[in-house]
Amino acid sequence: MRFFQIVCLSLALTLGNAGITTFAQNGNNYFLHTVSRGQSLYSIANMYHVSIDDIVRLNPGSDKQIRVGEALKIPQANSSSSSKNGKFHTIQAGETLYQLTVKYNISAQAICDANPGLSASNFRVGQVISIPTESVTAPATPLAPAQPSTPSTTQKGWKEMHKVERKETIFSICQEYGITQEDLLALNPELKNGKLKKGMFIFIPYPKSSQPAATPTPTMVQTPSNEELFKQSKTASKSLRTIQAAVMLPFTASGSIKPEEQTRMVEYYEGFLIAVDSLKRQGVSVDLYTYDTKGSTNVISSILSKPEMKNMDIIFGPVHTSNIEPLANFAERNKIRLVVPFAPKVDQVFNNPMVYQINTPQSYFYSEAYDHFLRKFSKARIIFVDPANGDKEKNEFINGLKSELKDNRVDFKQIQLSSEIAPERIIAAMDTLRENIFIPTSGRSSALTRILPQLTNVLRSHPHFDMHLFGYPEWQTYTQEHLASFYELDTYFYSSFYTNNLFPEAVRFTQSYRRWYSKDMANTFPKYGMLGFDTGYFFLKGLSQQGNKFEENLDKVSVTPIQTGFKFERVNNWGGFINRKVFFVHLTKNYELIKLDFE
């Protein structure tokens, strides 16, 4: 089916909603952003190149709390603040991709290129997309044959197109253009059975006195659907016969690199090499380039100037937040995937579609933990235990969890324990007829030293009580001091890094590492050798399976990580990927270690 380059459009917006959102978007004042799980004011401000103060000014009280599903007004940043993004647009009810090409005078291909996370399936109301700056004479219709030039007005059966404004009527439009209602309806038959709607585009006929002779009436055709436009904008599938991969890490201790960090980087790389070897045994071809960045931005710049770097399919590194920007910019310019394995703060991920952040940002990490907690313990009595030692390092996690519990009407209490054993205080806070989850407000070993004896004392005196302990990722490093109590209290903790040394995959890797390097991995959290293996194996295996369609098929990359979980999601339609994988580890009363995956 052929489509004309200009067709009659109808925006299915109600006048009530359109009045607010159109003013916001067309007036270049603000657009609407719907808060998703894990997002914070900091991450939202980074997405849109605005300050937190700018957001709070339009949304009083948002500095105290924002909630999932809440619509925030976001000011349109000046175009000078970002050369990449022209502006942002919130998709409205009834809008289609084709209508946006008309509205912003831009091609569908340009919109798709600027929003790699956008597809026909998620093109829906409330989604925000980036509208890049592109100078075109008319919105291109990908389904129509290429036109050598824009048709002149003498070749068209209509004078111009008119966008309906608020309170306009058929009569007022006819008066404005000096035409009859019969002529307008003849050219726009869809108006015969419906009223004008704000935002509609209609054809305006020539007045009788100036209409060219023998001008044919335009044929009304169906506009291209989202599915058709996205299909036309897709790149062809391409396999990677030999993957070009680079590792850029500070292997040499220098002014900014401490010896222990150097040791971790070497161990990460050693695990990475085992992954490459394992894949090559499976027939995966990899050309690996390794560079010592020395933790220096200048050294990174010199490495990036090497001619082979532009041909990379993927780069792993760097370590320090200060080194990420030049590498991220290079990756985006050359369409190279950049995997950042260590840094917890990667601002570039919010606006660079090539960035993969392995170490989950705290707000997203906590959000996943809250979601899993509610799925597992929504029927339990939750008891926060303050060890009264002044530790406040878990305040943000605790306050966020309390807010989630309140929103979901889950019962909780808080008690403070002194150094003296006071079982009556613990029992008074419990519901002895159901499950009770005790959560220390501090994750430190010193806090557990104060809390564990009191909880175990109550449990031993009342073995029928249903008591569990819930805690934090760092607890897996406390096993020498507290392992017996963890088992006795049927303990859970959340993490994105964990391995049971008895898992077959962990045993095989540990043996391979010892055989390759004649040493054991350092006892750190996480183990950097395993982290290097997991990241290398996941991405290189995925690229070998999916080629340039890797991003579209992340959920089809089937690997069994030894230590690191992977669940990548785009932070927005134009940004990169954050690893949102969180699981619970359960140390049972039967002395079992169970990894609970909630996917």
# chains A, B, ... in the order shown; residues from 1 in each chain; ligands from 1

$ select_by_dssp --residues "region 210-392 of chain A" --states "helix (DSSP H, G or I)" --output "tab-separated table (two decimals) with C-alpha atoms, in the first residue's frame"
chain	number	residue	atom	x	y	z
A	226	ASN	CA	3.57	2.64	14.51
A	227	GLU	CA	4.39	-0.97	13.67
A	228	GLU	CA	5.06	-0.09	10.03
A	229	LEU	CA	7.23	2.92	10.82
A	230	PHE	CA	9.29	1.10	13.45
A	231	LYS	CA	9.75	-1.84	11.09
A	232	GLN	CA	11.03	0.50	8.38
A	233	SER	CA	13.43	2.18	10.85
A	259	PRO	CA	48.36	-1.16	45.28
A	260	GLU	CA	45.26	-3.01	46.48
A	261	GLU	CA	43.24	-1.55	43.60
A	262	GLN	CA	45.91	-2.63	41.16
A	263	THR	CA	45.67	-6.17	42.58
A	264	ARG	CA	41.88	-6.19	42.10
A	265	MET	CA	42.16	-5.02	38.50
A	266	VAL	CA	44.69	-7.74	37.71
A	267	GLU	CA	42.41	-10.34	39.30
A	268	TYR	CA	39.40	-9.04	37.33
A	269	TYR	CA	41.40	-9.34	34.11
A	270	GLU	CA	42.58	-12.84	35.02
A	271	GLY	CA	38.96	-13.96	35.41
A	272	PHE	CA	38.09	-12.20	32.15
A	273	LEU	CA	40.77	-14.18	30.31
A	274	ILE	CA	39.32	-17.45	31.59
A	275	ALA	CA	35.95	-16.38	30.12
A	276	VAL	CA	37.54	-15.63	26.74
A	277	ASP	CA	39.28	-19.00	26.76
A	278	SER	CA	36.05	-20.79	27.67
A	279	LEU	CA	34.19	-19.09	24.81
A	280	LYS	CA	36.94	-19.83	22.30
A	281	ARG	CA	36.62	-23.51	23.20
A	297	THR	CA	42.42	10.72	31.60
A	298	ASN	CA	45.38	11.73	29.43
A	299	VAL	CA	46.42	8.11	28.99
A	300	ILE	CA	42.83	7.17	28.11
A	301	SER	CA	42.77	9.91	25.44
A	302	SER	CA	45.98	8.60	23.90
A	303	ILE	CA	44.58	5.06	23.84
A	304	LEU	CA	41.39	6.24	22.16
A	307	PRO	CA	43.19	3.59	14.90
A	308	GLU	CA	41.98	0.16	16.03
A	309	MET	CA	39.79	1.62	18.78
A	310	LYS	CA	37.09	2.86	16.38
A	311	ASN	CA	36.57	-0.72	15.23
A	321	THR	CA	34.06	8.00	37.77
A	322	SER	CA	36.32	10.85	36.61
A	323	ASN	CA	37.58	8.70	33.70
A	324	ILE	CA	34.17	7.67	32.37
A	325	GLU	CA	33.14	10.78	30.40
A	326	PRO	CA	35.82	10.74	27.65
A	327	LEU	CA	35.42	7.01	27.16
A	328	ALA	CA	31.61	7.27	27.11
A	329	ASN	CA	31.69	10.09	24.56
A	330	PHE	CA	34.03	8.09	22.33
A	331	ALA	CA	31.79	5.02	22.62
A	332	GLU	CA	28.68	6.97	21.66
A	333	ARG	CA	30.31	8.68	18.67
A	347	ASP	CA	25.84	9.83	35.15
A	348	GLN	CA	26.44	9.15	31.45
A	349	VAL	CA	24.11	6.14	31.53
A	350	PHE	CA	21.10	8.48	31.65
A	362	GLN	CA	21.70	2.78	45.09
A	363	SER	CA	18.16	4.05	44.43
A	364	TYR	CA	17.56	1.32	41.82
A	365	PHE	CA	19.24	-1.29	44.03
A	366	TYR	CA	17.04	-0.44	47.00
A	367	SER	CA	13.93	-0.34	44.84
A	368	GLU	CA	14.49	-3.89	43.64
A	369	ALA	CA	15.18	-5.06	47.21
A	370	TYR	CA	11.93	-3.43	48.44
A	371	ASP	CA	9.94	-5.07	45.65
A	372	HIS	CA	11.31	-8.54	46.46
A	373	PHE	CA	10.83	-7.96	50.20
A	374	LEU	CA	7.15	-7.13	49.77
A	375	ARG	CA	6.61	-10.16	47.57
A	376	LYS	CA	8.21	-12.40	50.17
A	377	PHE	CA	7.14	-10.90	53.51

$ residues_around --residues "Ile358 (chain A)" --least-positions-apart "2" --cutoff "7 Å" --atoms "only C-alpha atoms" --output "PyMOL selection string"
chain A and resi 340-342+356+360+578-579

$ closest_atom_pairs --of "region 429-473 of chain A" --to "region 395-412 of chain A" --cutoff "10 Å" --atoms "only C-alpha atoms" --output "CSV"
residue,atom,partner,partner_atom,distance
A:Ala429,CA,A:Phe412,CA,9.0
A:Met430,CA,A:Phe412,CA,9.5
A:Asn436,CA,A:Phe412,CA,9.6
A:Ile437,CA,A:Phe412,CA,9.3
A:Phe438,CA,A:Phe412,CA,9.9
A:Ile439,CA,A:Ile398,CA,8.8
A:Pro440,CA,A:Ile398,CA,9.1
A:Thr441,CA,A:Ile398,CA,6.7
A:Ser442,CA,A:Asn395,CA,8.1
A:Tyr472,CA,A:Phe397,CA,10.0

$ closest_atom_pairs --of "region 77-128 of chain A" --to "region 157-170 of chain A" --cutoff "12 Å" --atoms "only C-alpha atoms" --output "Markdown table"
| residue | atom | partner | partner_atom | distance |
| --- | --- | --- | --- | --- |
| A:Gln99 | CA | A:Lys163 | CA | 11.9 |
| A:Val102 | CA | A:Lys163 | CA | 10.7 |
| A:Lys103 | CA | A:Lys163 | CA | 9.7 |

$ residues_around --residues "Lys541 (chain A)" --least-positions-apart "6" --cutoff "12 Å" --atoms "only C-alpha atoms" --output "PyMOL selection string"
chain A and resi 240+242-243+275-286+533-535+547+550+554+556-561

$ write_last_selection --atoms "C-alpha atoms" --output "PDB file, in the first residue's frame"
ATOM      1  CA  LEU A 240      29.748 -10.634  14.493  1.00  0.00           C
ATOM      2  CA  THR A 242      35.036 -12.057  15.241  1.00  0.00           C
ATOM      3  CA  ILE A 243      34.235  -9.857  18.235  1.00  0.00           C
ATOM      4  CA  ALA A 275      35.947 -16.381  30.121  1.00  0.00           C
ATOM      5  CA  VAL A 276      37.538 -15.631  26.736  1.00  0.00           C
ATOM      6  CA  ASP A 277      39.280 -19.004  26.761  1.00  0.00           C
ATOM      7  CA  SER A 278      36.049 -20.790  27.669  1.00  0.00           C
ATOM      8  CA  LEU A 279      34.194 -19.091  24.811  1.00  0.00           C
ATOM      9  CA  LYS A 280      36.938 -19.830  22.303  1.00  0.00           C
ATOM     10  CA  ARG A 281      36.620 -23.509  23.198  1.00  0.00           C
ATOM     11  CA  GLN A 282      32.947 -23.142  22.186  1.00  0.00           C
ATOM     12  CA  GLY A 283      33.894 -21.649  18.810  1.00  0.00           C
ATOM     13  CA  VAL A 284      33.473 -17.961  19.660  1.00  0.00           C
ATOM     14  CA  SER A 285      36.148 -15.840  17.974  1.00  0.00           C
ATOM     15  CA  VAL A 286      37.424 -12.831  19.973  1.00  0.00           C
ATOM     16  CA  PHE A 533      34.620 -13.953  34.316  1.00  0.00           C
ATOM     17  CA  ASP A 534      30.908 -13.174  34.629  1.00  0.00           C
ATOM     18  CA  THR A 535      30.977  -9.836  32.800  1.00  0.00           C
ATOM     19  CA  GLY A 547      25.242  -9.798  16.880  1.00  0.00           C
ATOM     20  CA  PHE A 550      22.189  -7.724  21.237  1.00  0.00           C
ATOM     21  CA  LEU A 554      19.166  -9.153  26.173  1.00  0.00           C
ATOM     22  CA  LYS A 556      17.665 -14.217  25.370  1.00  0.00           C
ATOM     23  CA  VAL A 557      21.297 -14.244  26.501  1.00  0.00           C
ATOM     24  CA  SER A 558      21.360 -17.488  28.463  1.00  0.00           C
ATOM     25  CA  VAL A 559      24.341 -17.824  30.808  1.00  0.00           C
ATOM     26  CA  THR A 560      24.823 -19.106  34.353  1.00  0.00           C
ATOM     27  CA  PRO A 561      26.857 -16.488  36.232  1.00  0.00           C
TER      28      PRO A 561
END

$ atom_distance --atom1 "CA of Asn572 (chain A)" --atom2 "CA of Arg67 (chain A)"
17.3 Å

$ closest_residue --among "A:Leu32, A:Gly542, A:Arg434, A:Ile44" --to "Val125 (chain A)" --atoms "only C-alpha atoms"
A:Leu32

$ atom_distance --atom1 "CA of Asp466 (chain A)" --atom2 "CA of Gln414 (chain A)"
17.7 Å

$ residues_around --residues "Leu58 (chain A)" --least-positions-apart "4" --cutoff "8 Å" --atoms "only C-alpha atoms" --output "list in words"
Asp54, Lys73, Ile74 and Pro75 of chain A

$ select_by_dssp --residues "region 295-482 of chain A" --states "strand (DSSP E or B)" --output "PDB file with N, CA and C atoms, in the first residue's frame"
ATOM      1  N   ILE A 314      32.978  -3.654  21.614  1.00  0.00           N
ATOM      2  CA  ILE A 314      32.684  -3.486  23.031  1.00  0.00           C
ATOM      3  C   ILE A 314      33.968  -3.122  23.771  1.00  0.00           C
ATOM      4  N   ILE A 315      33.835  -2.262  24.788  1.00  0.00           N
ATOM      5  CA  ILE A 315      34.951  -1.865  25.645  1.00  0.00           C
ATOM      6  C   ILE A 315      34.551  -2.102  27.090  1.00  0.00           C
ATOM      7  N   PHE A 316      35.460  -2.657  27.888  1.00  0.00           N
ATOM      8  CA  PHE A 316      35.240  -2.868  29.317  1.00  0.00           C
ATOM      9  C   PHE A 316      36.139  -1.905  30.090  1.00  0.00           C
ATOM     10  N   ARG A 337      29.715  -0.408  22.407  1.00  0.00           N
ATOM     11  CA  ARG A 337      29.184  -0.661  23.736  1.00  0.00           C
ATOM     12  C   ARG A 337      30.268  -0.439  24.786  1.00  0.00           C
ATOM     13  N   LEU A 338      29.906   0.240  25.873  1.00  0.00           N
ATOM     14  CA  LEU A 338      30.846   0.499  26.966  1.00  0.00           C
ATOM     15  C   LEU A 338      30.302  -0.134  28.238  1.00  0.00           C
ATOM     16  N   VAL A 339      31.011  -1.105  28.777  1.00  0.00           N
ATOM     17  CA  VAL A 339      30.611  -1.789  30.001  1.00  0.00           C
ATOM     18  C   VAL A 339      31.434  -1.216  31.155  1.00  0.00           C
ATOM     19  N   VAL A 340      30.758  -0.581  32.115  1.00  0.00           N
ATOM     20  CA  VAL A 340      31.431   0.007  33.281  1.00  0.00           C
ATOM     21  C   VAL A 340      31.232  -0.959  34.449  1.00  0.00           C
ATOM     22  N   VAL A 355      26.048   2.840  27.016  1.00  0.00           N
ATOM     23  CA  VAL A 355      26.633   2.551  28.326  1.00  0.00           C
ATOM     24  C   VAL A 355      25.868   1.442  29.049  1.00  0.00           C
ATOM     25  N   TYR A 356      26.614   0.502  29.620  1.00  0.00           N
ATOM     26  CA  TYR A 356      26.065  -0.539  30.497  1.00  0.00           C
ATOM     27  C   TYR A 356      26.693  -0.358  31.873  1.00  0.00           C
ATOM     28  N   GLN A 357      25.878  -0.130  32.884  1.00  0.00           N
ATOM     29  CA  GLN A 357      26.381   0.024  34.248  1.00  0.00           C
ATOM     30  C   GLN A 357      26.123  -1.265  35.026  1.00  0.00           C
ATOM     31  N   ARG A 381       5.006  -9.704  60.342  1.00  0.00           N
ATOM     32  CA  ARG A 381       5.241  -8.550  61.209  1.00  0.00           C
ATOM     33  C   ARG A 381       6.702  -8.145  61.027  1.00  0.00           C
ATOM     34  N   ILE A 382       6.925  -6.903  60.664  1.00  0.00           N
ATOM     35  CA  ILE A 382       8.275  -6.391  60.426  1.00  0.00           C
ATOM     36  C   ILE A 382       8.714  -5.609  61.660  1.00  0.00           C
ATOM     37  N   ILE A 383       9.903  -5.935  62.165  1.00  0.00           N
ATOM     38  CA  ILE A 383      10.404  -5.281  63.381  1.00  0.00           C
ATOM     39  C   ILE A 383      11.810  -4.741  63.109  1.00  0.00           C
ATOM     40  N   PHE A 384      11.938  -3.421  63.122  1.00  0.00           N
ATOM     41  CA  PHE A 384      13.247  -2.788  62.956  1.00  0.00           C
ATOM     42  C   PHE A 384      13.932  -2.729  64.321  1.00  0.00           C
ATOM     43  N   VAL A 385      15.182  -3.172  64.357  1.00  0.00           N
ATOM     44  CA  VAL A 385      15.911  -3.274  65.614  1.00  0.00           C
ATOM     45  C   VAL A 385      17.064  -2.267  65.612  1.00  0.00           C
ATOM     46  N   ASP A 386      16.988  -1.302  66.485  1.00  0.00           N
ATOM     47  CA  ASP A 386      18.024  -0.279  66.617  1.00  0.00           C
ATOM     48  C   ASP A 386      19.005  -0.727  67.693  1.00  0.00           C
ATOM     49  N   PHE A 412       4.477  -2.804  60.795  1.00  0.00           N
ATOM     50  CA  PHE A 412       5.854  -2.823  61.284  1.00  0.00           C
ATOM     51  C   PHE A 412       5.980  -2.031  62.577  1.00  0.00           C
ATOM     52  N   LYS A 413       7.043  -2.370  63.332  1.00  0.00           N
ATOM     53  CA  LYS A 413       7.363  -1.670  64.570  1.00  0.00           C
ATOM     54  C   LYS A 413       8.864  -1.460  64.644  1.00  0.00           C
ATOM     55  N   GLN A 414       9.304  -0.632  65.592  1.00  0.00           N
ATOM     56  CA  GLN A 414      10.736  -0.441  65.812  1.00  0.00           C
ATOM     57  C   GLN A 414      11.023  -0.482  67.305  1.00  0.00           C
ATOM     58  N   ILE A 415      12.097  -1.197  67.652  1.00  0.00           N
ATOM     59  CA  ILE A 415      12.500  -1.273  69.054  1.00  0.00           C
ATOM     60  C   ILE A 415      13.981  -0.902  69.158  1.00  0.00           C
ATOM     61  N   GLN A 416      14.379  -0.463  70.314  1.00  0.00           N
ATOM     62  CA  GLN A 416      15.777  -0.149  70.578  1.00  0.00           C
ATOM     63  C   GLN A 416      16.295  -1.084  71.657  1.00  0.00           C
ATOM     64  N   ASN A 436       7.734 -13.297  61.935  1.00  0.00           N
ATOM     65  CA  ASN A 436       8.313 -12.034  62.383  1.00  0.00           C
ATOM     66  C   ASN A 436       9.688 -11.851  61.735  1.00  0.00           C
ATOM     67  N   ILE A 437       9.875 -10.704  61.089  1.00  0.00           N
ATOM     68  CA  ILE A 437      11.121 -10.409  60.393  1.00  0.00           C
ATOM     69  C   ILE A 437      11.849  -9.291  61.139  1.00  0.00           C
ATOM     70  N   PHE A 438      13.031  -9.577  61.648  1.00  0.00           N
ATOM     71  CA  PHE A 438      13.817  -8.586  62.387  1.00  0.00           C
ATOM     72  C   PHE A 438      14.877  -7.985  61.452  1.00  0.00           C
ATOM     73  N   ILE A 439      14.880  -6.656  61.370  1.00  0.00           N
ATOM     74  CA  ILE A 439      15.805  -5.952  60.478  1.00  0.00           C
ATOM     75  C   ILE A 439      16.644  -4.974  61.295  1.00  0.00           C
ATOM     76  N   PRO A 440      17.925  -5.223  61.490  1.00  0.00           N
ATOM     77  CA  PRO A 440      18.768  -4.251  62.187  1.00  0.00           C
ATOM     78  C   PRO A 440      18.856  -2.950  61.393  1.00  0.00           C
ATOM     79  N   MET A 467      10.652 -16.729  63.845  1.00  0.00           N
ATOM     80  CA  MET A 467      11.555 -15.575  63.817  1.00  0.00           C
ATOM     81  C   MET A 467      12.565 -15.701  62.678  1.00  0.00           C
ATOM     82  N   HIS A 468      12.792 -14.587  61.996  1.00  0.00           N
ATOM     83  CA  HIS A 468      13.776 -14.540  60.917  1.00  0.00           C
ATOM     84  C   HIS A 468      14.558 -13.235  61.018  1.00  0.00           C
ATOM     85  N   LEU A 469      15.781 -13.280  60.562  1.00  0.00           N
ATOM     86  CA  LEU A 469      16.629 -12.091  60.507  1.00  0.00           C
ATOM     87  C   LEU A 469      16.777 -11.680  59.043  1.00  0.00           C
ATOM     88  N   PHE A 470      16.725 -10.376  58.782  1.00  0.00           N
ATOM     89  CA  PHE A 470      16.887  -9.878  57.412  1.00  0.00           C
ATOM     90  C   PHE A 470      17.945  -8.787  57.402  1.00  0.00           C
ATOM     91  N   GLY A 471      18.852  -8.847  56.399  1.00  0.00           N
ATOM     92  CA  GLY A 471      19.936  -7.873  56.416  1.00  0.00           C
ATOM     93  C   GLY A 471      20.528  -7.545  55.074  1.00  0.00           C
TER      94      GLY A 471
END

$ residues_around --residues "Tyr42 (chain A)" --least-positions-apart "3" --cutoff "9 Å" --atoms "only C-alpha atoms" --output "PyMOL selection string"
chain A and resi 39+45-47+51-52

$ decode --residues "region 518-528 of chain A" --atoms "all heavy atoms" --output "PDB file, in the first residue's frame"
ATOM      1  N   SER A 518      48.230 -20.282  39.686  1.00  0.00           N
ATOM      2  CA  SER A 518      48.959 -20.831  40.845  1.00  0.00           C
ATOM      3  C   SER A 518      48.735 -19.996  42.102  1.00  0.00           C
ATOM      4  O   SER A 518      49.668 -19.743  42.882  1.00  0.00           O
ATOM      5  CB  SER A 518      50.466 -20.915  40.526  1.00  0.00           C
ATOM      6  OG  SER A 518      50.698 -21.733  39.411  1.00  0.00           O
ATOM      7  N   LYS A 519      47.522 -19.558  42.308  1.00  0.00           N
ATOM      8  CA  LYS A 519      47.156 -18.789  43.499  1.00  0.00           C
ATOM      9  C   LYS A 519      45.641 -18.843  43.660  1.00  0.00           C
ATOM     10  O   LYS A 519      44.904 -19.272  42.759  1.00  0.00           O
ATOM     11  CB  LYS A 519      47.611 -17.336  43.384  1.00  0.00           C
ATOM     12  CG  LYS A 519      46.930 -16.567  42.260  1.00  0.00           C
ATOM     13  CD  LYS A 519      47.355 -15.103  42.224  1.00  0.00           C
ATOM     14  CE  LYS A 519      46.622 -14.356  41.112  1.00  0.00           C
ATOM     15  NZ  LYS A 519      46.994 -12.917  41.054  1.00  0.00           N
ATOM     16  N   ASP A 520      45.160 -18.405  44.831  1.00  0.00           N
ATOM     17  CA  ASP A 520      43.723 -18.286  45.076  1.00  0.00           C
ATOM     18  C   ASP A 520      43.314 -16.828  44.937  1.00  0.00           C
ATOM     19  O   ASP A 520      44.126 -15.901  45.087  1.00  0.00           O
ATOM     20  CB  ASP A 520      43.377 -18.784  46.478  1.00  0.00           C
ATOM     21  CG  ASP A 520      43.527 -20.293  46.605  1.00  0.00           C
ATOM     22  OD1 ASP A 520      43.127 -20.999  45.651  1.00  0.00           O
ATOM     23  OD2 ASP A 520      44.028 -20.758  47.642  1.00  0.00           O
ATOM     24  N   MET A 521      42.019 -16.615  44.671  1.00  0.00           N
ATOM     25  CA  MET A 521      41.495 -15.259  44.605  1.00  0.00           C
ATOM     26  C   MET A 521      41.503 -14.617  45.986  1.00  0.00           C
ATOM     27  O   MET A 521      41.396 -15.306  47.006  1.00  0.00           O
ATOM     28  CB  MET A 521      40.062 -15.270  44.060  1.00  0.00           C
ATOM     29  CG  MET A 521      39.952 -15.575  42.582  1.00  0.00           C
ATOM     30  SD  MET A 521      38.235 -15.746  42.052  1.00  0.00           S
ATOM     31  CE  MET A 521      37.837 -17.353  42.767  1.00  0.00           C
ATOM     32  N   ALA A 522      41.636 -13.307  46.017  1.00  0.00           N
ATOM     33  CA  ALA A 522      41.578 -12.578  47.280  1.00  0.00           C
ATOM     34  C   ALA A 522      40.185 -12.717  47.881  1.00  0.00           C
ATOM     35  O   ALA A 522      39.179 -12.787  47.162  1.00  0.00           O
ATOM     36  CB  ALA A 522      41.912 -11.105  47.060  1.00  0.00           C
ATOM     37  N   ASN A 523      40.112 -12.765  49.195  1.00  0.00           N
ATOM     38  CA  ASN A 523      38.832 -12.916  49.891  1.00  0.00           C
ATOM     39  C   ASN A 523      38.166 -11.545  50.026  1.00  0.00           C
ATOM     40  O   ASN A 523      38.154 -10.925  51.084  1.00  0.00           O
ATOM     41  CB  ASN A 523      39.037 -13.539  51.271  1.00  0.00           C
ATOM     42  CG  ASN A 523      37.720 -13.867  51.948  1.00  0.00           C
ATOM     43  OD1 ASN A 523      36.699 -14.065  51.276  1.00  0.00           O
ATOM     44  ND2 ASN A 523      37.734 -13.897  53.273  1.00  0.00           N
ATOM     45  N   THR A 524      37.632 -11.041  48.909  1.00  0.00           N
ATOM     46  CA  THR A 524      36.990  -9.726  48.882  1.00  0.00           C
ATOM     47  C   THR A 524      35.518  -9.884  48.524  1.00  0.00           C
ATOM     48  O   THR A 524      35.068 -10.961  48.130  1.00  0.00           O
ATOM     49  CB  THR A 524      37.661  -8.811  47.851  1.00  0.00           C
ATOM     50  OG1 THR A 524      37.566  -9.430  46.548  1.00  0.00           O
ATOM     51  CG2 THR A 524      39.107  -8.552  48.198  1.00  0.00           C
ATOM     52  N   PHE A 525      34.792  -8.800  48.686  1.00  0.00           N
ATOM     53  CA  PHE A 525      33.382  -8.776  48.297  1.00  0.00           C
ATOM     54  C   PHE A 525      33.178  -7.624  47.323  1.00  0.00           C
ATOM     55  O   PHE A 525      33.342  -6.483  47.681  1.00  0.00           O
ATOM     56  CB  PHE A 525      32.502  -8.574  49.530  1.00  0.00           C
ATOM     57  CG  PHE A 525      31.073  -8.233  49.162  1.00  0.00           C
ATOM     58  CD1 PHE A 525      30.232  -9.203  48.638  1.00  0.00           C
ATOM     59  CD2 PHE A 525      30.575  -6.950  49.325  1.00  0.00           C
ATOM     60  CE1 PHE A 525      28.920  -8.888  48.293  1.00  0.00           C
ATOM     61  CE2 PHE A 525      29.268  -6.641  48.989  1.00  0.00           C
ATOM     62  CZ  PHE A 525      28.439  -7.603  48.476  1.00  0.00           C
ATOM     63  N   PRO A 526      32.898  -7.929  46.048  1.00  0.00           N
ATOM     64  CA  PRO A 526      32.823  -9.271  45.465  1.00  0.00           C
ATOM     65  C   PRO A 526      34.215  -9.806  45.144  1.00  0.00           C
ATOM     66  O   PRO A 526      35.197  -9.080  45.259  1.00  0.00           O
ATOM     67  CB  PRO A 526      32.036  -9.025  44.184  1.00  0.00           C
ATOM     68  CG  PRO A 526      32.437  -7.634  43.783  1.00  0.00           C
ATOM     69  CD  PRO A 526      32.588  -6.871  45.068  1.00  0.00           C
ATOM     70  N   LYS A 527      34.267 -11.066  44.727  1.00  0.00           N
ATOM     71  CA  LYS A 527      35.529 -11.638  44.263  1.00  0.00           C
ATOM     72  C   LYS A 527      35.755 -11.138  42.832  1.00  0.00           C
ATOM     73  O   LYS A 527      34.944 -11.396  41.946  1.00  0.00           O
ATOM     74  CB  LYS A 527      35.483 -13.165  44.309  1.00  0.00           C
ATOM     75  CG  LYS A 527      35.477 -13.741  45.718  1.00  0.00           C
ATOM     76  CD  LYS A 527      35.516 -15.250  45.687  1.00  0.00           C
ATOM     77  CE  LYS A 527      35.456 -15.855  47.089  1.00  0.00           C
ATOM     78  NZ  LYS A 527      36.608 -15.509  47.911  1.00  0.00           N
ATOM     79  N   TYR A 528      36.857 -10.424  42.635  1.00  0.00           N
ATOM     80  CA  TYR A 528      37.063  -9.737  41.360  1.00  0.00           C
ATOM     81  C   TYR A 528      37.359 -10.704  40.215  1.00  0.00           C
ATOM     82  O   TYR A 528      37.039 -10.413  39.051  1.00  0.00           O
ATOM     83  CB  TYR A 528      38.179  -8.701  41.509  1.00  0.00           C
ATOM     84  CG  TYR A 528      37.668  -7.442  42.160  1.00  0.00           C
ATOM     85  CD1 TYR A 528      37.436  -7.389  43.526  1.00  0.00           C
ATOM     86  CD2 TYR A 528      37.390  -6.313  41.403  1.00  0.00           C
ATOM     87  CE1 TYR A 528      36.942  -6.246  44.135  1.00  0.00           C
ATOM     88  CE2 TYR A 528      36.896  -5.155  41.994  1.00  0.00           C
ATOM     89  CZ  TYR A 528      36.680  -5.135  43.363  1.00  0.00           C
ATOM     90  OH  TYR A 528      36.173  -3.997  43.953  1.00  0.00           O
TER      91      TYR A 528
END
